[in-house]
Amino acid sequence: MSNTPKELKFAKSHEWVRVEADGTVTIGITDHAQNALGDLVFVEVPKVGRKLAANDACAVVESVKAASDVYAPIAGEVIANNPALADAPETLNTDPYGAGWMWKMKPADAGELASLLDAAAYEKSVAESS
Amino acid sequence: MLSLKKTALHEHHRRLGARLVDFAGWEMPIQYASQLDEHHAVRTHAGMFDVAHMVAVDLHGANVRAFLARLLANDVAKLKVPGKALYACLLREDGGVLDDLIAYYLDESWFRLVVNAGTADKDCAWFERHAPAFGVEVRRRNDLGILAVQGPQARALAAGELPAAAESLGAFHACRDGELFVGRTGYTGEDGYEIVAPHATLVRLWVTLQAKGVKPCGLGARDTLRLEAGMNLYGQDMDESVTPLESGLAWTVSMTDASRDFIGRAALEAQQKTPHRRQVGLLLEGRGVLRAHMAVRFASGQTGEITSGGFGPTLKRSIALARVPQTDEVACEVQIRNEWQPARVLKPPFVRNGKTLIPESTS
């Protein structure tokens, strides 16, 4: 079964968002997403400084099977990305909520976080689409 | 929705937790757990694939050799020893590839063909259409399944379960004991067997081999293994719209016997005299993954297209097969998500018998 941490927020398109103490957010893909994609072999993360609108296709994850876009769950500016993923894309499979984080953003509007799903709503959304 | 066909091993796949997909109308395992682990098991130890969706077709009759000399672009005259196998294309009159197959010579009145799942109906109709002129009887063997056991340890692990003759079988040869038929062939670039037998026999063999440590592998690993081995997939790297000469299969077309009038010969002879596209291997220089249908361009302005692409788990690089114009250029670019990325033209295979065949870059 997929793991969906209660302290995170989620987008229907299978990204997770962690709100940090300083108001920035960390983003990755969910356990359900990595499991559905299969073994990941290539990850492309957005560049630092890039300004993203909500739902921008800003990152790519490629498994042995196919390439998939990853979307910005909310608007904001990229302030960091995970450099370890280039050499170890499989980290997204083994630790999607930890070492497999993809990028960090400064939200343009913190109020937008309220539009995201909580863990229960995300699990419901996954169950409905499967 | 049409119900998908299931092989005799379907229940075993389900119990192993396989992810099942529609492949040519069959519900087949694409992977059990990690596709990469399955790939590596075949390169380093032994894996097995249920390929019972593929079809064995037995051809009987006094003129079966003459029939195949007419229908296949490769020459069955090369098959002199009973059990010897030949890889060949079945062509239309215009040279388009109807299918690629393996033909086994069993005796002068019996040859066995193994054909692809998606093309079996079309192939059998083609055989039936040409069979009467040769007095050949076409028997589609739906009572038989196929199990591929592949990898450096595959033969050692399987030998005890197979006819004694299997142990000393030469490459691209087959032996049989009753309905248990064993060929030293495969689609992975590794040593191993492809076993054609009644479904119940293969289910027992599957269980025994799994207990001996042979890893169940899905069609996903089969695809990355064959791509690294530089082997074509019918329907992706070639189909009826292209000839063997444009598909990296010129080596399977035998023109040596000038008197052999095989179907498609005139079209191939005409194409040989004119510039035509060819198949090449590509290696992506940087990071990323080459995929089917991506565009390829050369500095000269010539363009082509990837037919199969992916990540090669043994190489840890992305590779592809592509159809391109005739050119000597080694450097090219591939369009990945609107960016042109440098790639290098190579002659497949990329991996054979566990070893990387990609030369170190000279740049």
# chains A, B, ... in the order shown; residues from 1 in each chain; ligands from 1
$ residues_around --residues "B:Glu305" --least-positions-apart "5" --cutoff "7 Å" --atoms "only C-alpha atoms" --output "PyMOL selection string"
chain B and resi 293-296+322-324
$ closest_atom_pairs --of "chain B" --to "chain A" --cutoff "7 Å" --atoms "only C-alpha atoms" --output "JSON lines"
{"residue": "B:Ser34", "atom": "CA", "partner": "A:Asp39", "partner_atom": "CA", "distance": 6.5}
{"residue": "B:Gln35", "atom": "CA", "partner": "A:Asp39", "partner_atom": "CA", "distance": 6.8}
{"residue": "B:Leu36", "atom": "CA", "partner": "A:Asp39", "partner_atom": "CA", "distance": 6.7}
{"residue": "B:Gly288", "atom": "CA", "partner": "A:Phe42", "partner_atom": "CA", "distance": 5.9}
{"residue": "B:Gly310", "atom": "CA", "partner": "A:Val64", "partner_atom": "CA", "distance": 6.8}
{"residue": "B:Phe311", "atom": "CA", "partner": "A:Val64", "partner_atom": "CA", "distance": 6.1}
$ residues_around --residues "B:Met54" --least-positions-apart "6" --cutoff "8 Å" --atoms "only C-alpha atoms" --output "JSON, numbers by chain"
{"B": [114, 115, 116, 117, 120, 145, 146]}
$ write_last_selection --atoms "N, CA, C and O atoms" --output "short mmCIF file (atom, residue, chain, number, x, y, z; two decimals), in the first residue's frame"
data_model
loop_
_atom_site.label_atom_id
_atom_site.label_comp_id
_atom_site.auth_asym_id
_atom_site.auth_seq_id
_atom_site.Cartn_x
_atom_site.Cartn_y
_atom_site.Cartn_z
N VAL B 114 8.20 -19.98 -35.36
CA VAL B 114 7.69 -19.27 -34.18
C VAL B 114 7.50 -17.82 -34.59
O VAL B 114 8.46 -17.16 -35.00
N VAL B 115 6.24 -17.35 -34.50
CA VAL B 115 5.89 -16.02 -35.01
C VAL B 115 5.38 -15.13 -33.88
O VAL B 115 5.06 -15.62 -32.79
N ASN B 116 5.28 -13.83 -34.15
CA ASN B 116 4.84 -12.86 -33.13
C ASN B 116 3.34 -12.99 -32.85
O ASN B 116 2.56 -13.39 -33.72
N ALA B 117 2.96 -12.58 -31.63
CA ALA B 117 1.57 -12.69 -31.19
C ALA B 117 0.65 -11.82 -32.05
O ALA B 117 -0.38 -12.29 -32.54
N ALA B 120 0.19 -13.21 -35.74
CA ALA B 120 -0.03 -14.64 -35.97
C ALA B 120 -1.21 -14.91 -36.91
O ALA B 120 -1.10 -15.74 -37.82
N GLY B 145 2.71 -23.74 -25.52
CA GLY B 145 3.15 -22.44 -25.02
C GLY B 145 4.65 -22.30 -25.23
O GLY B 145 5.31 -23.22 -25.72
N ILE B 146 5.19 -21.11 -24.87
CA ILE B 146 6.62 -20.88 -25.02
C ILE B 146 7.14 -20.22 -23.73
O ILE B 146 6.53 -19.28 -23.21
#
$ closest_residue --among "A:Val19, A:Ala33, A:Ile27, A:Ala80" --to "A:Glu7" --atoms "only C-alpha atoms"
A:Val19
$ closest_residue --among "A:Ser129, A:Ala59, A:Met102, A:Leu37" --to "A:Leu85" --atoms "only C-alpha atoms"
A:Met102
$ residues_around --residues "A:Leu113" --least-positions-apart "5" --cutoff "9 Å" --atoms "only C-alpha atoms" --output "PyMOL selection string"
chain A and resi 9+17+19+73-74+107
$ write_last_selection --atoms "N, CA and C atoms" --output "compact mmCIF listing (two decimals), in the first residue's frame"
# COMPACT_ATOMS: atom_id res chain seq x y z
N LYS A 9 0.82 18.31 2.36
CA LYS A 9 -0.31 18.65 1.51
C LYS A 9 -0.04 18.06 0.12
N VAL A 17 3.62 18.58 -0.92
CA VAL A 17 4.14 19.89 -0.52
C VAL A 17 4.34 19.88 0.99
N VAL A 19 5.24 22.42 4.08
CA VAL A 19 5.44 23.82 4.46
C VAL A 19 6.48 23.87 5.57
N PRO A 73 2.66 22.80 -7.74
CA PRO A 73 1.36 22.76 -7.05
C PRO A 73 0.81 24.14 -6.76
N ILE A 74 1.72 25.11 -6.58
CA ILE A 74 1.31 26.51 -6.33
C ILE A 74 2.31 27.42 -7.05
N PRO A 107 6.59 30.63 -1.83
CA PRO A 107 5.26 30.81 -2.42
C PRO A 107 4.99 32.28 -2.78
$ residues_around --residues "A:His32" --least-positions-apart "2" --cutoff "12 Å" --atoms "only C-alpha atoms" --output "tab-separated table (two decimals) with N, CA, C and O atoms, in the first residue's frame"
chain	number	residue	atom	x	y	z
A	1	MET	N	0.83	-1.21	0.00
A	1	MET	CA	0.00	0.00	0.00
A	1	MET	C	0.86	1.26	0.00
A	1	MET	O	1.96	1.27	0.54
A	2	SER	N	0.31	2.30	-0.59
A	2	SER	CA	1.05	3.56	-0.65
A	2	SER	C	1.05	4.25	0.70
A	2	SER	O	0.15	4.08	1.50
A	3	ASN	N	2.08	5.02	0.88
A	3	ASN	CA	2.30	5.74	2.12
A	3	ASN	C	1.96	7.22	1.86
A	3	ASN	O	2.44	7.80	0.90
A	4	THR	N	1.09	7.80	2.70
A	4	THR	CA	0.67	9.20	2.52
A	4	THR	C	0.81	9.95	3.85
A	4	THR	O	-0.11	9.92	4.66
A	5	PRO	N	1.95	10.59	4.09
A	5	PRO	CA	2.17	11.25	5.40
A	5	PRO	C	1.11	12.33	5.68
A	5	PRO	O	0.79	13.14	4.81
A	10	PHE	N	-1.10	17.88	-0.66
A	10	PHE	CA	-0.97	17.15	-1.92
A	10	PHE	C	-1.72	17.83	-3.06
A	10	PHE	O	-2.72	18.51	-2.83
A	12	LYS	N	-3.65	16.92	-6.83
A	12	LYS	CA	-4.27	15.77	-7.51
A	12	LYS	C	-3.32	15.14	-8.52
A	12	LYS	O	-3.41	13.97	-8.83
A	13	SER	N	-2.40	15.98	-9.05
A	13	SER	CA	-1.43	15.49	-10.04
A	13	SER	C	-0.24	14.79	-9.38
A	13	SER	O	0.80	14.62	-10.00
A	14	HIS	N	-0.38	14.41	-8.09
A	14	HIS	CA	0.55	13.52	-7.38
A	14	HIS	C	1.85	14.17	-6.90
A	14	HIS	O	2.84	13.47	-6.70
A	15	GLU	N	1.83	15.50	-6.68
A	15	GLU	CA	2.96	16.13	-6.01
A	15	GLU	C	2.61	16.28	-4.52
A	15	GLU	O	1.45	16.42	-4.17
A	16	TRP	N	3.64	16.24	-3.67
A	16	TRP	CA	3.45	16.56	-2.26
A	16	TRP	C	4.13	17.89	-1.94
A	16	TRP	O	5.08	18.29	-2.62
A	28	GLY	N	7.85	17.34	-3.91
A	28	GLY	CA	8.32	16.08	-4.51
A	28	GLY	C	7.13	15.35	-5.11
A	28	GLY	O	6.04	15.91	-5.23
A	29	ILE	N	7.33	14.08	-5.49
A	29	ILE	CA	6.20	13.28	-5.98
A	29	ILE	C	5.85	12.21	-4.94
A	29	ILE	O	6.70	11.79	-4.17
A	30	THR	N	4.58	11.80	-4.96
A	30	THR	CA	4.10	10.92	-3.90
A	30	THR	C	4.58	9.49	-4.09
A	30	THR	O	5.01	9.08	-5.16
A	34	GLN	N	5.42	7.36	-7.54
A	34	GLN	CA	6.67	6.64	-7.87
A	34	GLN	C	6.38	5.17	-8.12
A	34	GLN	O	6.99	4.55	-8.98
A	35	ASN	N	5.43	4.64	-7.38
A	35	ASN	CA	5.09	3.22	-7.53
A	35	ASN	C	4.43	2.97	-8.89
A	35	ASN	O	4.72	1.98	-9.57
A	36	ALA	N	3.57	3.91	-9.29
A	36	ALA	CA	2.90	3.75	-10.58
A	36	ALA	C	3.89	3.93	-11.74
A	36	ALA	O	3.77	3.27	-12.77
A	37	LEU	N	4.87	4.82	-11.56
A	37	LEU	CA	5.83	5.08	-12.64
A	37	LEU	C	6.81	3.93	-12.82
A	37	LEU	O	7.25	3.65	-13.92
A	38	GLY	N	7.17	3.26	-11.74
A	38	GLY	CA	8.18	2.21	-11.83
A	38	GLY	C	9.58	2.79	-11.65
A	38	GLY	O	9.74	3.96	-11.26
A	92	LEU	N	14.00	8.77	-5.82
A	92	LEU	CA	12.56	9.05	-5.83
A	92	LEU	C	11.74	7.80	-5.57
A	92	LEU	O	10.63	7.88	-5.05
A	93	ASN	N	12.28	6.64	-5.93
A	93	ASN	CA	11.59	5.38	-5.65
A	93	ASN	C	11.77	4.96	-4.19
A	93	ASN	O	10.84	4.49	-3.55
A	95	ASP	N	12.89	6.81	-1.45
A	95	ASP	CA	12.59	7.74	-0.35
A	95	ASP	C	11.87	8.98	-0.91
A	95	ASP	O	12.41	10.08	-0.90
A	96	PRO	N	10.63	8.78	-1.42
A	96	PRO	CA	9.96	9.88	-2.13
A	96	PRO	C	9.69	11.11	-1.26
A	96	PRO	O	9.68	12.23	-1.78
A	97	TYR	N	9.50	10.93	0.06
A	97	TYR	CA	9.17	12.07	0.93
A	97	TYR	C	10.39	12.62	1.66
A	97	TYR	O	10.29	13.59	2.39
A	119	ALA	N	-4.01	14.66	3.38
A	119	ALA	CA	-3.67	13.27	3.07
A	119	ALA	C	-4.93	12.44	2.76
A	119	ALA	O	-4.94	11.65	1.81
A	122	TYR	N	-6.33	13.34	-0.63
A	122	TYR	CA	-5.48	12.82	-1.70
A	122	TYR	C	-5.70	11.32	-1.90
A	122	TYR	O	-5.86	10.84	-3.02
A	123	GLU	N	-5.75	10.58	-0.80
A	123	GLU	CA	-5.96	9.13	-0.90
A	123	GLU	C	-7.31	8.83	-1.57
A	123	GLU	O	-7.43	7.89	-2.35
A	125	SER	N	-8.80	10.78	-3.71
A	125	SER	CA	-8.66	11.12	-5.13
A	125	SER	C	-7.96	9.99	-5.90
A	125	SER	O	-8.33	9.65	-7.02
A	126	VAL	N	-6.94	9.37	-5.27
A	126	VAL	CA	-6.23	8.25	-5.90
A	126	VAL	C	-7.17	7.06	-6.06
A	126	VAL	O	-7.23	6.44	-7.12
A	127	ALA	N	-7.94	6.78	-5.01
A	127	ALA	CA	-8.84	5.62	-5.05
A	127	ALA	C	-9.91	5.80	-6.13
A	127	ALA	O	-10.28	4.85	-6.82
A	130	SER	N	-8.48	5.20	-9.75
A	130	SER	CA	-7.87	3.91	-10.08
A	130	SER	C	-8.94	2.87	-10.41
A	130	SER	O	-10.12	3.11	-10.30
$ select_by_dssp --residues "chain A" --states "strand (DSSP E)" --output "ChimeraX atom specification"
/A:9-10,15-19,25-29,40-44,51-52,57-63,67-71,76-81,103-107
$ select_by_dssp --residues "stretch 1-128 of chain A" --states "alpha helix (DSSP H)" --output "ChimeraX atom specification"
/A:31-37,91-94,119-128
$ residues_around --residues "stretch 247-256 of chain B" --least-positions-apart "6" --cutoff "10 Å" --atoms "only C-alpha atoms" --output "NGL selection string"
:B and (72-76 or 78 or 86-89 or 97 or 100 or 230-232 or 237-239 or 262 or 265 or 268-269 or 272 or 277-281 or 307 or 321-324 or 347-348)
$ write_last_selection --atoms "N, CA, C and O atoms" --output "compact mmCIF listing (two decimals), in the first residue's frame"
# COMPACT_ATOMS: atom_id res chain seq x y z
N LEU B 72 10.24 -17.01 -47.43
CA LEU B 72 11.15 -16.32 -46.50
C LEU B 72 12.28 -15.62 -47.24
O LEU B 72 12.83 -16.16 -48.21
N ALA B 73 12.68 -14.44 -46.75
CA ALA B 73 13.76 -13.68 -47.38
C ALA B 73 15.13 -14.27 -47.05
O ALA B 73 16.09 -14.07 -47.78
N ASN B 74 15.22 -15.00 -45.93
CA ASN B 74 16.45 -15.75 -45.65
C ASN B 74 16.28 -17.14 -46.27
O ASN B 74 15.15 -17.58 -46.52
N ASP B 75 17.41 -17.81 -46.54
CA ASP B 75 17.34 -19.04 -47.35
C ASP B 75 17.40 -20.29 -46.48
O ASP B 75 18.42 -20.58 -45.85
N VAL B 76 16.28 -21.05 -46.48
CA VAL B 76 16.24 -22.28 -45.68
C VAL B 76 17.21 -23.35 -46.19
O VAL B 76 17.41 -24.36 -45.51
N LYS B 78 20.15 -23.00 -45.96
CA LYS B 78 21.20 -22.98 -44.91
C LYS B 78 20.91 -24.01 -43.81
O LYS B 78 21.78 -24.30 -43.01
N LEU B 86 16.78 -20.70 -38.12
CA LEU B 86 17.12 -19.58 -39.00
C LEU B 86 16.19 -18.42 -38.69
O LEU B 86 14.97 -18.59 -38.62
N TYR B 87 16.77 -17.23 -38.48
CA TYR B 87 15.96 -16.02 -38.29
C TYR B 87 15.65 -15.44 -39.68
O TYR B 87 16.56 -15.32 -40.51
N ALA B 88 14.40 -15.12 -39.93
CA ALA B 88 14.03 -14.67 -41.28
C ALA B 88 12.85 -13.71 -41.25
O ALA B 88 12.07 -13.69 -40.29
N CYS B 89 12.74 -12.93 -42.33
CA CYS B 89 11.57 -12.05 -42.51
C CYS B 89 10.63 -12.67 -43.52
O CYS B 89 11.05 -13.30 -44.50
N VAL B 97 7.71 -5.71 -44.56
CA VAL B 97 7.91 -6.83 -43.63
C VAL B 97 6.57 -7.22 -42.99
O VAL B 97 5.98 -6.45 -42.24
N ASP B 100 8.74 -10.97 -38.56
CA ASP B 100 10.04 -11.64 -38.42
C ASP B 100 9.79 -12.88 -37.57
O ASP B 100 8.92 -12.89 -36.71
N GLY B 230 20.26 -4.90 -29.41
CA GLY B 230 20.13 -4.39 -30.77
C GLY B 230 19.15 -5.19 -31.61
O GLY B 230 19.28 -5.26 -32.83
N MET B 231 18.16 -5.81 -30.97
CA MET B 231 17.19 -6.63 -31.70
C MET B 231 15.91 -5.86 -31.95
O MET B 231 15.42 -5.15 -31.08
N ASN B 232 15.36 -6.02 -33.15
CA ASN B 232 14.15 -5.30 -33.54
C ASN B 232 12.92 -5.86 -32.84
O ASN B 232 12.83 -7.05 -32.57
N ASP B 237 10.00 -1.33 -34.69
CA ASP B 237 11.19 -1.05 -35.49
C ASP B 237 10.98 -1.39 -36.96
O ASP B 237 11.73 -0.92 -37.81
N MET B 238 10.00 -2.21 -37.24
CA MET B 238 9.65 -2.48 -38.63
C MET B 238 8.21 -2.97 -38.71
O MET B 238 7.67 -3.48 -37.73
N ASP B 239 7.64 -2.77 -39.90
CA ASP B 239 6.28 -3.24 -40.17
C ASP B 239 6.14 -3.34 -41.69
O ASP B 239 7.15 -3.33 -42.40
N PHE B 262 12.17 -15.60 -54.09
CA PHE B 262 11.34 -15.43 -52.90
C PHE B 262 10.46 -14.19 -53.02
O PHE B 262 10.81 -13.24 -53.74
N ARG B 265 11.64 -10.35 -53.45
CA ARG B 265 13.01 -10.26 -53.96
C ARG B 265 13.20 -9.12 -54.97
O ARG B 265 14.15 -8.34 -54.86
N LEU B 268 13.34 -5.77 -53.31
CA LEU B 268 14.58 -5.53 -52.57
C LEU B 268 15.75 -5.28 -53.52
O LEU B 268 16.61 -4.43 -53.25
N GLU B 269 15.79 -6.01 -54.64
CA GLU B 269 16.87 -5.81 -55.61
C GLU B 269 16.81 -4.39 -56.18
O GLU B 269 17.84 -3.75 -56.38
N GLN B 272 18.02 -1.97 -53.47
CA GLN B 272 19.47 -2.03 -53.27
C GLN B 272 20.21 -1.08 -54.20
O GLN B 272 21.30 -0.61 -53.88
N ARG B 277 16.90 4.49 -46.83
CA ARG B 277 17.13 4.67 -45.40
C ARG B 277 17.73 3.40 -44.81
O ARG B 277 17.62 2.33 -45.39
N ARG B 278 18.33 3.54 -43.67
CA ARG B 278 18.89 2.36 -42.99
C ARG B 278 18.66 2.52 -41.50
O ARG B 278 18.34 3.62 -41.03
N GLN B 279 18.83 1.43 -40.78
CA GLN B 279 18.69 1.50 -39.33
C GLN B 279 20.07 1.65 -38.69
O GLN B 279 21.03 1.01 -39.10
N VAL B 280 20.13 2.52 -37.69
CA VAL B 280 21.37 2.70 -36.92
C VAL B 280 21.04 2.63 -35.43
O VAL B 280 19.88 2.75 -35.02
N GLY B 281 22.08 2.45 -34.65
CA GLY B 281 21.95 2.58 -33.21
C GLY B 281 22.35 3.98 -32.80
O GLY B 281 23.17 4.61 -33.46
N THR B 307 12.97 4.62 -33.71
CA THR B 307 11.90 3.62 -33.75
C THR B 307 11.72 2.95 -32.39
O THR B 307 10.61 2.58 -32.02
N LEU B 321 17.24 2.67 -31.38
CA LEU B 321 17.36 2.28 -32.78
C LEU B 321 16.62 3.35 -33.57
O LEU B 321 15.56 3.82 -33.14
N ALA B 322 17.20 3.77 -34.70
CA ALA B 322 16.59 4.84 -35.48
C ALA B 322 16.68 4.52 -36.96
O ALA B 322 17.56 3.78 -37.39
N ARG B 323 15.72 5.07 -37.72
CA ARG B 323 15.76 4.92 -39.18
C ARG B 323 16.16 6.27 -39.74
O ARG B 323 15.50 7.28 -39.47
N VAL B 324 17.29 6.30 -40.48
CA VAL B 324 17.86 7.56 -40.94
C VAL B 324 18.28 7.44 -42.41
O VAL B 324 18.45 6.32 -42.91
N LYS B 347 26.89 1.11 -34.21
CA LYS B 347 26.34 -0.11 -34.80
C LYS B 347 25.89 -1.02 -33.66
O LYS B 347 26.69 -1.40 -32.82
N PRO B 348 24.59 -1.38 -33.61
CA PRO B 348 24.15 -2.33 -32.58
C PRO B 348 24.81 -3.70 -32.84
O PRO B 348 25.21 -3.95 -33.98
$ residues_around --residues "B:Arg204" --least-positions-apart "3" --cutoff "12 Å" --atoms "only C-alpha atoms" --output "PyMOL selection string"
chain B and resi 8-9+12+147+161-162+197-201+207-211
$ write_last_selection --atoms "N, CA and C atoms" --output "compact mmCIF listing (two decimals), in the first residue's frame"
# COMPACT_ATOMS: atom_id res chain seq x y z
N ALA B 8 -1.47 -19.94 -19.75
CA ALA B 8 -1.63 -20.95 -18.69
C ALA B 8 -0.98 -20.50 -17.38
N LEU B 9 -0.03 -19.57 -17.47
CA LEU B 9 0.69 -19.11 -16.27
C LEU B 9 0.06 -17.88 -15.64
N HIS B 12 -0.26 -17.73 -11.92
CA HIS B 12 1.06 -17.59 -11.26
C HIS B 12 1.53 -16.14 -11.31
N LEU B 147 8.24 -20.76 -23.22
CA LEU B 147 8.90 -20.20 -22.04
C LEU B 147 10.35 -19.90 -22.40
N GLU B 161 16.01 -30.31 -16.21
CA GLU B 161 14.56 -30.44 -16.43
C GLU B 161 14.23 -30.70 -17.89
N LEU B 162 15.26 -30.75 -18.74
CA LEU B 162 15.04 -30.80 -20.19
C LEU B 162 15.64 -32.07 -20.78
N ALA B 197 6.38 -26.14 -25.50
CA ALA B 197 5.85 -27.38 -24.93
C ALA B 197 4.38 -27.19 -24.59
N PRO B 198 3.67 -28.31 -24.31
CA PRO B 198 2.27 -28.18 -23.88
C PRO B 198 2.18 -27.28 -22.65
N HIS B 199 1.08 -26.55 -22.53
CA HIS B 199 0.94 -25.54 -21.47
C HIS B 199 1.18 -26.12 -20.08
N ALA B 200 0.64 -27.31 -19.80
CA ALA B 200 0.79 -27.88 -18.46
C ALA B 200 2.26 -28.19 -18.15
N THR B 201 3.00 -28.62 -19.16
CA THR B 201 4.43 -28.90 -18.99
C THR B 201 5.17 -27.62 -18.60
N VAL B 207 7.40 -23.50 -12.20
CA VAL B 207 7.44 -23.67 -10.74
C VAL B 207 8.80 -24.23 -10.31
N THR B 208 9.29 -25.23 -11.03
CA THR B 208 10.58 -25.84 -10.72
C THR B 208 11.72 -24.83 -10.86
N LEU B 209 11.71 -24.09 -11.96
CA LEU B 209 12.80 -23.15 -12.21
C LEU B 209 12.77 -22.00 -11.22
N GLN B 210 11.58 -21.58 -10.81
CA GLN B 210 11.50 -20.50 -9.83
C GLN B 210 12.11 -20.95 -8.50
N ALA B 211 11.84 -22.22 -8.14
CA ALA B 211 12.41 -22.76 -6.90
C ALA B 211 13.93 -22.84 -6.98
$ decode --residues "stretch 1-12 of chain B" --atoms "N, CA, C and O atoms" --output "PDB file, in the first residue's frame"
ATOM      1  N   MET B   1     -16.089  -4.079 -23.386  1.00  0.00           N
ATOM      2  CA  MET B   1     -14.650  -4.274 -23.599  1.00  0.00           C
ATOM      3  C   MET B   1     -14.350  -5.732 -23.915  1.00  0.00           C
ATOM      4  O   MET B   1     -14.909  -6.635 -23.323  1.00  0.00           O
ATOM      5  N   LEU B   2     -13.488  -5.959 -24.876  1.00  0.00           N
ATOM      6  CA  LEU B   2     -13.103  -7.325 -25.219  1.00  0.00           C
ATOM      7  C   LEU B   2     -12.296  -7.912 -24.064  1.00  0.00           C
ATOM      8  O   LEU B   2     -11.481  -7.232 -23.464  1.00  0.00           O
ATOM      9  N   SER B   3     -12.522  -9.168 -23.779  1.00  0.00           N
ATOM     10  CA  SER B   3     -11.735  -9.767 -22.705  1.00  0.00           C
ATOM     11  C   SER B   3     -10.380 -10.186 -23.275  1.00  0.00           C
ATOM     12  O   SER B   3     -10.285 -10.670 -24.406  1.00  0.00           O
ATOM     13  N   LEU B   4      -9.364  -9.989 -22.460  1.00  0.00           N
ATOM     14  CA  LEU B   4      -8.011 -10.308 -22.901  1.00  0.00           C
ATOM     15  C   LEU B   4      -7.755 -11.802 -22.746  1.00  0.00           C
ATOM     16  O   LEU B   4      -8.258 -12.435 -21.833  1.00  0.00           O
ATOM     17  N   LYS B   5      -6.947 -12.333 -23.654  1.00  0.00           N
ATOM     18  CA  LYS B   5      -6.579 -13.745 -23.550  1.00  0.00           C
ATOM     19  C   LYS B   5      -5.556 -13.911 -22.426  1.00  0.00           C
ATOM     20  O   LYS B   5      -4.782 -12.999 -22.130  1.00  0.00           O
ATOM     21  N   LYS B   6      -5.578 -15.070 -21.807  1.00  0.00           N
ATOM     22  CA  LYS B   6      -4.670 -15.343 -20.697  1.00  0.00           C
ATOM     23  C   LYS B   6      -3.849 -16.589 -21.001  1.00  0.00           C
ATOM     24  O   LYS B   6      -4.368 -17.565 -21.546  1.00  0.00           O
ATOM     25  N   THR B   7      -2.576 -16.576 -20.609  1.00  0.00           N
ATOM     26  CA  THR B   7      -1.746 -17.767 -20.789  1.00  0.00           C
ATOM     27  C   THR B   7      -1.986 -18.720 -19.616  1.00  0.00           C
ATOM     28  O   THR B   7      -2.597 -18.353 -18.605  1.00  0.00           O
ATOM     29  N   ALA B   8      -1.465 -19.938 -19.747  1.00  0.00           N
ATOM     30  CA  ALA B   8      -1.631 -20.946 -18.688  1.00  0.00           C
ATOM     31  C   ALA B   8      -0.979 -20.503 -17.383  1.00  0.00           C
ATOM     32  O   ALA B   8      -1.335 -20.978 -16.310  1.00  0.00           O
ATOM     33  N   LEU B   9      -0.030 -19.572 -17.468  1.00  0.00           N
ATOM     34  CA  LEU B   9       0.689 -19.110 -16.272  1.00  0.00           C
ATOM     35  C   LEU B   9       0.057 -17.878 -15.641  1.00  0.00           C
ATOM     36  O   LEU B   9       0.601 -17.328 -14.666  1.00  0.00           O
ATOM     37  N   HIS B  10      -1.085 -17.447 -16.158  1.00  0.00           N
ATOM     38  CA  HIS B  10      -1.695 -16.205 -15.706  1.00  0.00           C
ATOM     39  C   HIS B  10      -1.870 -16.149 -14.191  1.00  0.00           C
ATOM     40  O   HIS B  10      -1.558 -15.158 -13.545  1.00  0.00           O
ATOM     41  N   GLU B  11      -2.393 -17.247 -13.621  1.00  0.00           N
ATOM     42  CA  GLU B  11      -2.647 -17.288 -12.182  1.00  0.00           C
ATOM     43  C   GLU B  11      -1.332 -17.149 -11.391  1.00  0.00           C
ATOM     44  O   GLU B  11      -1.291 -16.496 -10.342  1.00  0.00           O
ATOM     45  N   HIS B  12      -0.261 -17.728 -11.917  1.00  0.00           N
ATOM     46  CA  HIS B  12       1.057 -17.590 -11.263  1.00  0.00           C
ATOM     47  C   HIS B  12       1.527 -16.136 -11.312  1.00  0.00           C
ATOM     48  O   HIS B  12       2.064 -15.618 -10.345  1.00  0.00           O
TER      49      HIS B  12
END
